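As provided, upload_3.pdb (PDB, C-alpha atoms) reads as follows.
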```pdb
ATOM      1  CA  MET C   1      -3.045 -20.483  -5.132
ATOM      2  CA  ASN C   2      -4.884 -21.536  -8.320
ATOM      3  CA  GLN C   3      -7.732 -19.242  -7.405
ATOM      4  CA  GLU C   4      -5.275 -16.349  -6.996
ATOM      5  CA  ILE C   5      -3.795 -17.044 -10.427
ATOM      6  CA  GLN C   6      -7.244 -17.157 -12.010
ATOM      7  CA  LEU C   7      -8.222 -13.877 -10.333
ATOM      8  CA  LEU C   8      -5.065 -12.244 -11.592
ATOM      9  CA  LYS C   9      -5.634 -13.636 -15.091
ATOM     10  CA  ASN C  10      -9.163 -12.198 -15.211
ATOM     11  CA  PHE C  11      -7.872  -8.887 -13.867
ATOM     12  CA  GLU C  12      -5.155  -8.842 -16.539
ATOM     13  CA  GLN C  13      -7.625  -9.534 -19.339
ATOM     14  CA  ASP C  14      -9.999  -6.788 -18.155
ATOM     15  CA  SER C  15      -7.106  -4.364 -17.790
ATOM     16  CA  GLU C  16      -5.864  -5.147 -21.301
ATOM     17  CA  TRP C  17      -9.372  -4.702 -22.669
ATOM     18  CA  PHE C  18      -9.637  -1.288 -20.994
ATOM     19  CA  TYR C  19      -6.428   0.098 -22.520
ATOM     20  CA  ASN C  20      -7.252  -1.328 -25.959
ATOM     21  CA  ASN C  21     -10.763   0.094 -25.909
ATOM     22  CA  ILE C  22     -10.298   3.444 -24.212
ATOM     23  CA  GLY C  23     -11.273   5.280 -27.418
ATOM     24  CA  LYS C  24     -14.519   3.335 -27.574
ATOM     25  CA  LEU C  25     -15.195   4.046 -23.898
ATOM     26  CA  ARG C  26     -14.710   7.775 -24.555
ATOM     27  CA  GLU C  27     -17.198   7.618 -27.437
ATOM     28  CA  GLN C  28     -19.681   5.836 -25.183
ATOM     29  CA  GLY C  29     -19.697   8.714 -22.689
ATOM     30  CA  PHE C  30     -17.389   7.402 -19.974
ATOM     31  CA  VAL C  31     -15.062  10.434 -20.055
ATOM     32  CA  GLY C  32     -14.438  11.852 -16.579
ATOM     33  CA  LYS C  33     -15.743   8.700 -14.898
ATOM     34  CA  PHE C  34     -14.294   5.706 -13.119
ATOM     35  CA  VAL C  35     -15.239   2.588 -15.071
ATOM     36  CA  ALA C  36     -15.340  -0.936 -13.687
ATOM     37  CA  ILE C  37     -14.541  -3.679 -16.192
ATOM     38  CA  LYS C  38     -15.506  -7.292 -15.646
ATOM     39  CA  ASN C  39     -15.406 -10.053 -18.274
ATOM     40  CA  LEU C  40     -14.323  -7.538 -20.913
ATOM     41  CA  LYS C  41     -17.201  -5.110 -20.497
ATOM     42  CA  PRO C  42     -18.083  -2.109 -18.344
ATOM     43  CA  ILE C  43     -20.281  -3.114 -15.416
ATOM     44  CA  ALA C  44     -20.400   0.173 -13.479
ATOM     45  CA  SER C  45     -19.313   3.760 -13.860
ATOM     46  CA  ASP C  46     -19.578   7.071 -12.077
ATOM     47  CA  LYS C  47     -17.642  10.269 -11.456
ATOM     48  CA  GLN C  48     -17.247   9.146  -7.842
ATOM     49  CA  ILE C  49     -15.244   6.008  -7.129
ATOM     50  CA  ASP C  50     -17.305   5.229  -4.013
ATOM     51  CA  LYS C  51     -20.485   4.996  -6.094
ATOM     52  CA  VAL C  52     -18.767   2.582  -8.485
ATOM     53  CA  ILE C  53     -17.671   0.405  -5.559
ATOM     54  CA  LYS C  54     -21.230   0.419  -4.184
ATOM     55  CA  GLU C  55     -22.656  -0.611  -7.574
ATOM     56  CA  ILE C  56     -20.139  -3.459  -7.881
ATOM     57  CA  ASP C  57     -21.109  -4.615  -4.388
ATOM     58  CA  LYS C  58     -24.764  -4.486  -5.368
ATOM     59  CA  GLN C  59     -24.001  -6.778  -8.316
ATOM     60  CA  GLY C  60     -22.490  -9.305  -5.910
ATOM     61  CA  GLU C  61     -18.912  -8.829  -7.084
ATOM     62  CA  ASN C  62     -15.910  -8.170  -4.865
ATOM     63  CA  PRO C  63     -14.453  -4.761  -5.875
ATOM     64  CA  SER C  64     -10.976  -5.972  -4.888
ATOM     65  CA  PHE C  65     -11.020  -8.317  -7.879
ATOM     66  CA  VAL C  66     -12.578  -5.932 -10.380
ATOM     67  CA  PHE C  67     -10.467  -3.712 -12.610
ATOM     68  CA  ILE C  68     -11.405  -0.041 -12.160
ATOM     69  CA  GLU C  69      -9.782   2.844 -13.978
ATOM     70  CA  PHE C  70     -10.504   6.487 -14.682
ATOM     71  CA  VAL C  71     -11.260   7.547 -18.261
ATOM     72  CA  HIS C  72      -9.388  10.768 -18.902
ATOM     73  CA  PRO C  73     -10.471  13.051 -21.746
ATOM     74  CA  GLN C  74      -8.608  12.752 -25.046
ATOM     75  CA  GLY C  75      -5.495  14.949 -24.885
ATOM     76  CA  TYR C  76      -5.406  15.088 -21.076
ATOM     77  CA  VAL C  77      -1.877  14.673 -19.748
ATOM     78  CA  LEU C  78      -1.354  13.441 -16.202
ATOM     79  CA  LEU C  79       2.037  14.402 -14.818
ATOM     80  CA  LEU C  80       3.314  12.164 -12.077
TER
ATOM     81  CA  MET S   1      15.875 -12.941 -14.590
ATOM     82  CA  LYS S   2      13.777 -10.687 -16.802
ATOM     83  CA  ILE S   3      10.291  -9.659 -15.735
ATOM     84  CA  PRO S   4       8.222  -8.346 -18.642
ATOM     85  CA  VAL S   5       6.540  -4.978 -18.104
ATOM     86  CA  GLU S   6       3.503  -3.861 -20.095
ATOM     87  CA  ILE S   7       3.402  -0.596 -21.973
ATOM     88  CA  ASN S   8       0.020   1.098 -22.191
ATOM     89  CA  TYR S   9      -1.106   4.477 -23.446
ATOM     90  CA  PHE S  10      -2.676   6.147 -20.432
ATOM     91  CA  ALA S  11      -3.462   9.752 -19.491
ATOM     92  CA  GLY S  12      -1.521  11.417 -22.254
ATOM     93  CA  GLY S  13       1.416   9.116 -22.823
ATOM     94  CA  LEU S  14       3.012   5.705 -22.802
ATOM     95  CA  ARG S  15       3.401   4.225 -19.324
ATOM     96  CA  ALA S  16       5.302   1.185 -18.132
ATOM     97  CA  MET S  17       2.888  -0.828 -16.009
ATOM     98  CA  LEU S  18       3.328  -3.847 -13.803
ATOM     99  CA  LYS S  19       0.606  -6.027 -12.343
ATOM    100  CA  VAL S  20       1.161  -6.737  -8.691
ATOM    101  CA  ILE S  21      -0.874  -8.515  -6.026
ATOM    102  CA  LEU S  22      -0.816  -6.706  -2.704
ATOM    103  CA  LYS S  23      -1.333  -8.796   0.410
ATOM    104  CA  PHE S  24      -1.551  -7.950   4.067
ATOM    105  CA  ASP S  25      -2.654  -9.971   7.079
ATOM    106  CA  ASN S  26      -4.131  -7.457   9.509
ATOM    107  CA  PRO S  27      -6.253  -5.895   8.179
ATOM    108  CA  HIS S  28      -6.667  -8.667   5.608
ATOM    109  CA  LEU S  29      -5.939  -7.380   2.121
ATOM    110  CA  PHE S  30      -5.699  -9.120  -1.228
ATOM    111  CA  LEU S  31      -5.678  -6.784  -4.147
ATOM    112  CA  PRO S  32      -4.394  -7.089  -7.696
ATOM    113  CA  ILE S  33      -3.342  -3.687  -8.989
ATOM    114  CA  ASN S  34      -1.954  -2.215 -12.172
ATOM    115  CA  ALA S  35       0.850   0.122 -11.124
ATOM    116  CA  ILE S  36       2.913   2.541 -13.165
ATOM    117  CA  ILE S  37       6.670   2.201 -12.725
ATOM    118  CA  ASP S  38       7.700   5.760 -11.952
ATOM    119  CA  THR S  39      11.411   6.405 -11.585
ATOM    120  CA  GLY S  40      10.565  10.016 -10.746
ATOM    121  CA  SER S  41       8.863   8.963  -7.541
ATOM    122  CA  PRO S  42      11.079   8.035  -4.591
ATOM    123  CA  THR S  43       8.263   6.112  -2.915
ATOM    124  CA  THR S  44       5.648   3.558  -3.842
ATOM    125  CA  LEU S  45       2.137   4.900  -3.544
ATOM    126  CA  ILE S  46      -1.201   3.167  -3.902
ATOM    127  CA  GLY S  47      -3.734   5.118  -5.959
ATOM    128  CA  ILE S  48      -6.933   6.377  -4.387
ATOM    129  CA  SER S  49      -9.180   4.182  -6.544
ATOM    130  CA  ASP S  50      -7.118   1.081  -5.676
ATOM    131  CA  MET S  51      -7.323   2.100  -2.031
ATOM    132  CA  ARG S  52     -11.113   2.345  -2.285
ATOM    133  CA  ARG S  53     -11.284  -1.084  -3.936
ATOM    134  CA  MET S  54      -9.925  -2.529  -0.690
ATOM    135  CA  ARG S  55     -12.978  -1.181   1.141
ATOM    136  CA  LEU S  56     -10.964  -0.417   4.250
ATOM    137  CA  SER S  57     -13.192   1.000   6.947
ATOM    138  CA  LYS S  58     -12.133   3.934   9.107
ATOM    139  CA  VAL S  59     -11.687   1.492  11.992
ATOM    140  CA  GLN S  60      -9.335  -0.629   9.876
ATOM    141  CA  LEU S  61      -7.487   2.468   8.722
ATOM    142  CA  ASN S  62      -7.028   3.497  12.330
ATOM    143  CA  LYS S  63      -5.499   0.080  13.028
ATOM    144  CA  ILE S  64      -2.811   0.711  10.466
ATOM    145  CA  GLN S  65       0.259   1.729  12.316
ATOM    146  CA  GLY S  66       2.423   4.216  10.556
ATOM    147  CA  MET S  67       3.427   7.781  10.075
ATOM    148  CA  THR S  68       1.238  10.117   8.071
ATOM    149  CA  HIS S  69       2.883  12.156   5.350
ATOM    150  CA  GLU S  70       1.846  14.682   2.777
ATOM    151  CA  VAL S  71       3.230  14.017  -0.683
ATOM    152  CA  ASN S  72       3.086  16.250  -3.749
ATOM    153  CA  ILE S  73       2.260  14.631  -7.050
ATOM    154  CA  GLY S  74       2.138  16.627 -10.266
ATOM    155  CA  GLY S  75       1.091  19.760  -8.422
ATOM    156  CA  GLY S  76      -1.522  18.008  -6.282
ATOM    157  CA  LYS S  77      -1.233  17.036  -2.639
ATOM    158  CA  VAL S  78      -2.028  13.611  -1.214
ATOM    159  CA  LYS S  79      -2.065  12.835   2.500
ATOM    160  CA  THR S  80      -0.766   9.327   3.059
ATOM    161  CA  ILE S  81      -0.158   6.775   5.742
ATOM    162  CA  LYS S  82       2.655   4.267   5.570
ATOM    163  CA  LEU S  83       1.767   0.590   5.837
ATOM    164  CA  GLU S  84       4.798  -1.421   6.814
ATOM    165  CA  ASN S  85       5.741  -4.826   5.417
ATOM    166  CA  MET S  86       3.083  -5.085   2.736
ATOM    167  CA  LYS S  87       3.546  -8.250   0.663
ATOM    168  CA  PHE S  88       3.982  -7.776  -3.082
ATOM    169  CA  LYS S  89       3.558 -10.693  -5.466
ATOM    170  CA  ILE S  90       4.777 -10.150  -9.001
ATOM    171  CA  GLY S  91       3.345 -13.009 -11.023
ATOM    172  CA  SER S  92       5.313 -16.181 -10.474
ATOM    173  CA  TYR S  93       8.555 -14.199 -10.501
ATOM    174  CA  LEU S  94       8.891 -12.582  -7.127
ATOM    175  CA  ASP S  95       7.490 -12.181  -3.613
ATOM    176  CA  ILE S  96       8.746  -9.288  -1.536
ATOM    177  CA  GLU S  97       7.789  -7.258   1.510
ATOM    178  CA  MET S  98       8.140  -3.517   1.637
ATOM    179  CA  ASP S  99       6.572  -0.392   3.083
ATOM    180  CA  VAL S 100       3.955   1.323   1.005
ATOM    181  CA  GLN S 101       2.139   4.642   1.240
ATOM    182  CA  PHE S 102      -1.633   4.695   1.183
ATOM    183  CA  PRO S 103      -3.602   7.840   0.441
ATOM    184  CA  ILE S 104      -5.952   8.986   3.178
ATOM    185  CA  ASP S 105      -7.103  12.077   1.396
ATOM    186  CA  GLY S 106      -6.084  13.975  -1.688
ATOM    187  CA  GLU S 107      -7.034  16.424  -4.388
ATOM    188  CA  GLU S 108      -6.356  14.075  -7.310
ATOM    189  CA  LYS S 109      -8.946  11.305  -7.068
ATOM    190  CA  ALA S 110      -7.724   9.624 -10.272
ATOM    191  CA  GLN S 111      -4.154   9.280  -8.992
ATOM    192  CA  PRO S 112      -2.847   5.916 -10.230
ATOM    193  CA  SER S 113      -0.779   3.493  -8.177
ATOM    194  CA  LEU S 114       2.952   4.052  -8.538
ATOM    195  CA  LEU S 115       5.917   1.752  -8.054
ATOM    196  CA  GLY S 116       8.699   4.119  -7.095
ATOM    197  CA  VAL S 117      12.449   3.952  -6.828
ATOM    198  CA  ASP S 118      12.127   2.247  -3.419
ATOM    199  CA  PHE S 119      10.504  -0.703  -5.227
ATOM    200  CA  LEU S 120      13.327  -0.947  -7.783
ATOM    201  CA  GLU S 121      15.860  -0.686  -4.960
ATOM    202  CA  LYS S 122      14.093  -3.380  -2.939
ATOM    203  CA  ILE S 123      14.143  -5.917  -5.775
ATOM    204  CA  ASN S 124      17.583  -4.748  -6.921
ATOM    205  CA  ALA S 125      16.374  -4.308 -10.483
ATOM    206  CA  ASN S 126      17.531  -2.591 -13.613
ATOM    207  CA  PHE S 127      14.528  -1.030 -15.311
ATOM    208  CA  CYS S 128      14.651  -0.922 -19.099
ATOM    209  CA  PHE S 129      11.989   1.113 -20.934
ATOM    210  CA  ASN S 130      12.242   1.713 -24.647
ATOM    211  CA  PRO S 131       9.034   3.484 -25.754
ATOM    212  CA  SER S 132      10.062   3.472 -29.438
ATOM    213  CA  LYS S 133      10.297  -0.309 -29.471
ATOM    214  CA  ARG S 134       7.390  -0.687 -27.043
ATOM    215  CA  GLU S 135       9.698  -2.746 -24.886
ATOM    216  CA  ALA S 136      10.003  -2.675 -21.110
ATOM    217  CA  TYR S 137      11.275  -5.093 -18.531
ATOM    218  CA  LEU S 138      12.853  -5.408 -15.117
ATOM    219  CA  GLU S 139      16.124  -7.241 -14.934
ATOM    220  CA  ILE S 140      17.173  -8.825 -11.673
ATOM    221  CA  ASN S 141      20.581 -10.382 -11.216
TER
END
```
As structure tokens, please, write out the structure in this file.
Amino acid sequence: MNQEIQLLKNFEQDSEWFYNNIGKLREQGFVGKFVAIKNLKPIASDKQIDKVIKEIDKQGENPSFVFIEFVHPQGYVLLL
Amino acid sequence: MKIPVEINYFAGGLRAMLKVILKFDNPHLFLPINAIIDTGSPTTLIGISDMRRMRLSKVQLNKIQGMTHEVNIGGGKVKTIKLENMKFKIGSYLDIEMDVQFPIDGEEKAQPSLLGVDFLEKINANFCFNPSKREAYLEIN
């Protein structure tokens, strides 16, 4: 249970970092890509999610516990 | 009981987001996700990127019993399969089981995970979202 809580805490911190730094990520050329965040920094990115998952695997991380989100261009509106 | 909900600026606007751990026994799944609470969606849907994070193989997908559907989201189409009795853990507040739709294929690869009206109904919650005050929460009696 403690391990689950820790995993969720790390996931929460990485998620928070992503939303607070999305402008910076856009400036750094991540627009139109899925970006994986671990320990408050991008560790993999690509236009295709499957390539990001593969890269995370290669780094020895479990993708299930890594925050991944798509960086939309500035001004893009996603209707749900 | 009040469950705090985060508000983040994402894809053109403010979104109410809840962190949830999804669990399932067979196939074994354990996945924290960040899902948008969407009162415009009747059903809960896992996003394609979250689905990929689970690394479900085709064999495992075939094991999932459920009906396939085609849902329309914002003009795009997503083919889904329903996974029954998925466990949802919402922090230390709540553990529930409910059916959830998983995308098998779709046009919108960046489709986020959505907690729909079925989720709010399941937990019997009032959903309060005040974007001006940047305040959102679920209230369960």
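Atom CA of C:Ile53 sits 7.6 Å away from atom CA of S:Arg52.
Between S:Ala136 and the candidates S:Val78, S:Ile21, S:Ala11, S:Ile37, the tightest atom-to-atom separation, counting all atoms listed in the file, involves S:Ile37.
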Counting all atoms listed in the file, which residues in chain C sit no more than 9 Å from chain S? For each one, give the nearest pair of atoms and the distance in Å, sorted by chain then residue number, as CSV.
```
residue,atom,partner,partner_atom,distance
C:Ile5,CA,S:Gly91,CA,8.2
C:Leu7,CA,S:Pro32,CA,8.2
C:Leu8,CA,S:Pro32,CA,6.5
C:Phe11,CA,S:Pro32,CA,7.3
C:Glu12,CA,S:Lys19,CA,7.7
C:Ser15,CA,S:Asn34,CA,7.9
C:Glu16,CA,S:Asn8,CA,8.6
C:Tyr19,CA,S:Asn8,CA,6.5
C:Asn20,CA,S:Asn8,CA,8.5
C:Ile22,CA,S:Phe10,CA,8.9
C:Phe34,CA,S:Ala110,CA,8.2
C:Gln48,CA,S:Lys109,CA,8.6
C:Ile49,CA,S:Ser49,CA,6.4
C:Asp50,CA,S:Arg52,CA,7.0
C:Ile53,CA,S:Arg53,CA,6.8
C:Asn62,CA,S:Arg53,CA,8.5
C:Pro63,CA,S:Arg53,CA,5.2
C:Ser64,CA,S:Arg53,CA,5.0
C:Phe65,CA,S:Leu31,CA,6.7
C:Val66,CA,S:Arg53,CA,8.2
C:Phe67,CA,S:Ile33,CA,8.0
C:Ile68,CA,S:Ser49,CA,7.4
C:Glu69,CA,S:Ser49,CA,7.6
C:Phe70,CA,S:Ala110,CA,6.1
C:Val71,CA,S:Ala11,CA,8.2
C:His72,CA,S:Ala11,CA,6.0
C:Pro73,CA,S:Ala11,CA,8.1
C:Gln74,CA,S:Gly12,CA,7.7
C:Gly75,CA,S:Gly12,CA,5.9
C:Tyr76,CA,S:Gly12,CA,5.5
C:Val77,CA,S:Gly12,CA,4.1
C:Leu78,CA,S:Ala11,CA,5.4
C:Leu79,CA,S:Gly74,CA,5.1
C:Leu80,CA,S:Gly74,CA,5.0
```
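Atom to atom, atom CA of S:Ile123 and atom CA of S:Ile96 stand 7.6 Å apart.
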Going by the chain IDs and residue numbers used in this file, which residues fall under the PyMOL selection byres ((chain S and resi 98) around 7)? Write them as a PDB file with C-alpha atoms, in the frame of the given file.
```
ATOM      1  CA  GLU S  84       4.798  -1.421   6.814  1.00  0.00           C
ATOM      2  CA  ASN S  85       5.741  -4.826   5.417  1.00  0.00           C
ATOM      3  CA  MET S  86       3.083  -5.085   2.736  1.00  0.00           C
ATOM      4  CA  LYS S  87       3.546  -8.250   0.663  1.00  0.00           C
ATOM      5  CA  ILE S  96       8.746  -9.288  -1.536  1.00  0.00           C
ATOM      6  CA  GLU S  97       7.789  -7.258   1.510  1.00  0.00           C
ATOM      7  CA  ASP S  99       6.572  -0.392   3.083  1.00  0.00           C
ATOM      8  CA  VAL S 100       3.955   1.323   1.005  1.00  0.00           C
TER       9      VAL S 100
END
```
Please expand the PyMOL selection byres ((chain S and resi 46) around 6) into the concrete residues it hits in this file, giving the result as a tab-separated table (two decimals) with C-alpha atoms, in the coordinates of the input.
```tsv
chain	number	residue	atom	x	y	z
S	45	LEU	CA	2.14	4.90	-3.54
S	47	GLY	CA	-3.73	5.12	-5.96
S	102	PHE	CA	-1.63	4.70	1.18
S	113	SER	CA	-0.78	3.49	-8.18
```
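Distances from S:Pro131, S:Gln101, S:His28, S:Ile81 to S:Gly116 were compared using only C-alpha atoms, and the smallest one belongs to S:Gln101.
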> When you draw a straight line from atom CA of S:Val117 to atom CA of S:Thr43, how long is it in Å?
Replying inline: 6.1 Å
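Ranking S:Leu22, S:Gln60, S:Phe88, S:Tyr137 by their shortest atom-to-atom distance to S:Ile3, with all atoms listed in the file included, puts S:Tyr137 first.
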> Mind telling me what the PyMOL selection byres ((chain C and resi 43) around 10) catches here, as a ChimeraX atom specification?
Replying inline: /C:35-42,44-45,52,55-56,59,66,68
List the residues sitting within 12 Å of (10.9, 6.9, -26.0) in the file's frame, using all atoms listed in the file, as a PDB file with C-alpha atoms, in the coordinates of the input.
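Written file, result.pdb:
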```
ATOM      1  CA  ILE S   7       3.402  -0.596 -21.973  1.00  0.00           C
ATOM      2  CA  GLY S  13       1.416   9.116 -22.823  1.00  0.00           C
ATOM      3  CA  LEU S  14       3.012   5.705 -22.802  1.00  0.00           C
ATOM      4  CA  ARG S  15       3.401   4.225 -19.324  1.00  0.00           C
ATOM      5  CA  ALA S  16       5.302   1.185 -18.132  1.00  0.00           C
ATOM      6  CA  CYS S 128      14.651  -0.922 -19.099  1.00  0.00           C
ATOM      7  CA  PHE S 129      11.989   1.113 -20.934  1.00  0.00           C
ATOM      8  CA  ASN S 130      12.242   1.713 -24.647  1.00  0.00           C
ATOM      9  CA  PRO S 131       9.034   3.484 -25.754  1.00  0.00           C
ATOM     10  CA  SER S 132      10.062   3.472 -29.438  1.00  0.00           C
ATOM     11  CA  LYS S 133      10.297  -0.309 -29.471  1.00  0.00           C
ATOM     12  CA  ARG S 134       7.390  -0.687 -27.043  1.00  0.00           C
ATOM     13  CA  GLU S 135       9.698  -2.746 -24.886  1.00  0.00           C
ATOM     14  CA  ALA S 136      10.003  -2.675 -21.110  1.00  0.00           C
TER      15      ALA S 136
END
```
Quick one: 5 Å padding each side, axis-aligned, all listed atoms of stretch 35-50 of chain C - centre and edge lengths in Å to one decimal, as AutoDock Vina command-line options?
```
--center_x -17.4 --center_y 0.1 --center_z -12.5 --size_x 16.1 --size_y 30.3 --size_z 26.9
```
Reconstruct stretch 21-43 of chain S at the level of N, CA and C atoms, and format the result as an mmCIF file, in the coordinates of the input.
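Contents of part_19.cif, as written:
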```
data_model
loop_
_atom_site.group_PDB
_atom_site.id
_atom_site.type_symbol
_atom_site.label_atom_id
_atom_site.label_comp_id
_atom_site.auth_asym_id
_atom_site.auth_seq_id
_atom_site.Cartn_x
_atom_site.Cartn_y
_atom_site.Cartn_z
ATOM 1 N N ILE S 21 0.151 -8.194 -7.033
ATOM 2 C CA ILE S 21 -0.874 -8.515 -6.026
ATOM 3 C C ILE S 21 -0.358 -8.018 -4.680
ATOM 4 N N LEU S 22 -1.161 -7.190 -4.046
ATOM 5 C CA LEU S 22 -0.816 -6.706 -2.704
ATOM 6 C C LEU S 22 -1.504 -7.593 -1.680
ATOM 7 N N LYS S 23 -0.746 -7.959 -0.648
ATOM 8 C CA LYS S 23 -1.333 -8.796 0.410
ATOM 9 C C LYS S 23 -0.921 -8.248 1.767
ATOM 10 N N PHE S 24 -1.856 -8.355 2.694
ATOM 11 C CA PHE S 24 -1.551 -7.950 4.067
ATOM 12 C C PHE S 24 -2.435 -8.776 4.996
ATOM 13 N N ASP S 25 -1.914 -9.080 6.182
ATOM 14 C CA ASP S 25 -2.654 -9.971 7.079
ATOM 15 C C ASP S 25 -3.653 -9.248 7.972
ATOM 16 N N ASN S 26 -3.235 -8.141 8.568
ATOM 17 C CA ASN S 26 -4.131 -7.457 9.509
ATOM 18 C C ASN S 26 -4.047 -5.940 9.342
ATOM 19 N N PRO S 27 -5.020 -5.307 8.702
ATOM 20 C CA PRO S 27 -6.253 -5.895 8.179
ATOM 21 C C PRO S 27 -5.981 -6.760 6.942
ATOM 22 N N HIS S 28 -6.865 -7.743 6.722
ATOM 23 C CA HIS S 28 -6.667 -8.667 5.608
ATOM 24 C C HIS S 28 -6.875 -7.945 4.282
ATOM 25 N N LEU S 29 -5.856 -8.008 3.441
ATOM 26 C CA LEU S 29 -5.939 -7.380 2.121
ATOM 27 C C LEU S 29 -5.471 -8.366 1.063
ATOM 28 N N PHE S 30 -6.140 -8.367 -0.046
ATOM 29 C CA PHE S 30 -5.699 -9.120 -1.228
ATOM 30 C C PHE S 30 -6.179 -8.324 -2.417
ATOM 31 N N LEU S 31 -5.262 -7.731 -3.115
ATOM 32 C CA LEU S 31 -5.678 -6.784 -4.147
ATOM 33 C C LEU S 31 -4.737 -6.801 -5.347
ATOM 34 N N PRO S 32 -5.214 -7.269 -6.494
ATOM 35 C CA PRO S 32 -4.394 -7.089 -7.696
ATOM 36 C C PRO S 32 -4.474 -5.635 -8.147
ATOM 37 N N ILE S 33 -3.351 -5.073 -8.489
ATOM 38 C CA ILE S 33 -3.342 -3.687 -8.989
ATOM 39 C C ILE S 33 -2.478 -3.597 -10.247
ATOM 40 N N ASN S 34 -2.732 -2.532 -10.983
ATOM 41 C CA ASN S 34 -1.954 -2.215 -12.172
ATOM 42 C C ASN S 34 -1.186 -0.942 -11.812
ATOM 43 N N ALA S 35 0.110 -1.043 -11.611
ATOM 44 C CA ALA S 35 0.850 0.122 -11.124
ATOM 45 C C ALA S 35 1.836 0.619 -12.175
ATOM 46 N N ILE S 36 1.967 1.925 -12.243
ATOM 47 C CA ILE S 36 2.913 2.541 -13.165
ATOM 48 C C ILE S 36 4.295 2.549 -12.507
ATOM 49 N N ILE S 37 5.300 2.102 -13.243
ATOM 50 C CA ILE S 37 6.670 2.201 -12.725
ATOM 51 C C ILE S 37 7.129 3.635 -12.961
ATOM 52 N N ASP S 38 7.401 4.333 -11.878
ATOM 53 C CA ASP S 38 7.700 5.760 -11.952
ATOM 54 C C ASP S 38 9.055 6.039 -11.301
ATOM 55 N N THR S 39 10.063 6.165 -12.134
ATOM 56 C CA THR S 39 11.411 6.405 -11.585
ATOM 57 C C THR S 39 11.554 7.831 -11.054
ATOM 58 N N GLY S 40 10.539 8.664 -11.289
ATOM 59 C CA GLY S 40 10.565 10.016 -10.746
ATOM 60 C C GLY S 40 9.989 10.094 -9.349
ATOM 61 N N SER S 41 9.445 8.978 -8.877
ATOM 62 C CA SER S 41 8.863 8.963 -7.541
ATOM 63 C C SER S 41 9.767 8.177 -6.588
ATOM 64 N N PRO S 42 10.213 8.787 -5.510
ATOM 65 C CA PRO S 42 11.079 8.035 -4.591
ATOM 66 C C PRO S 42 10.340 6.936 -3.840
ATOM 67 N N THR S 43 9.010 7.090 -3.719
ATOM 68 C CA THR S 43 8.263 6.112 -2.915
ATOM 69 C C THR S 43 7.135 5.462 -3.712
#
```
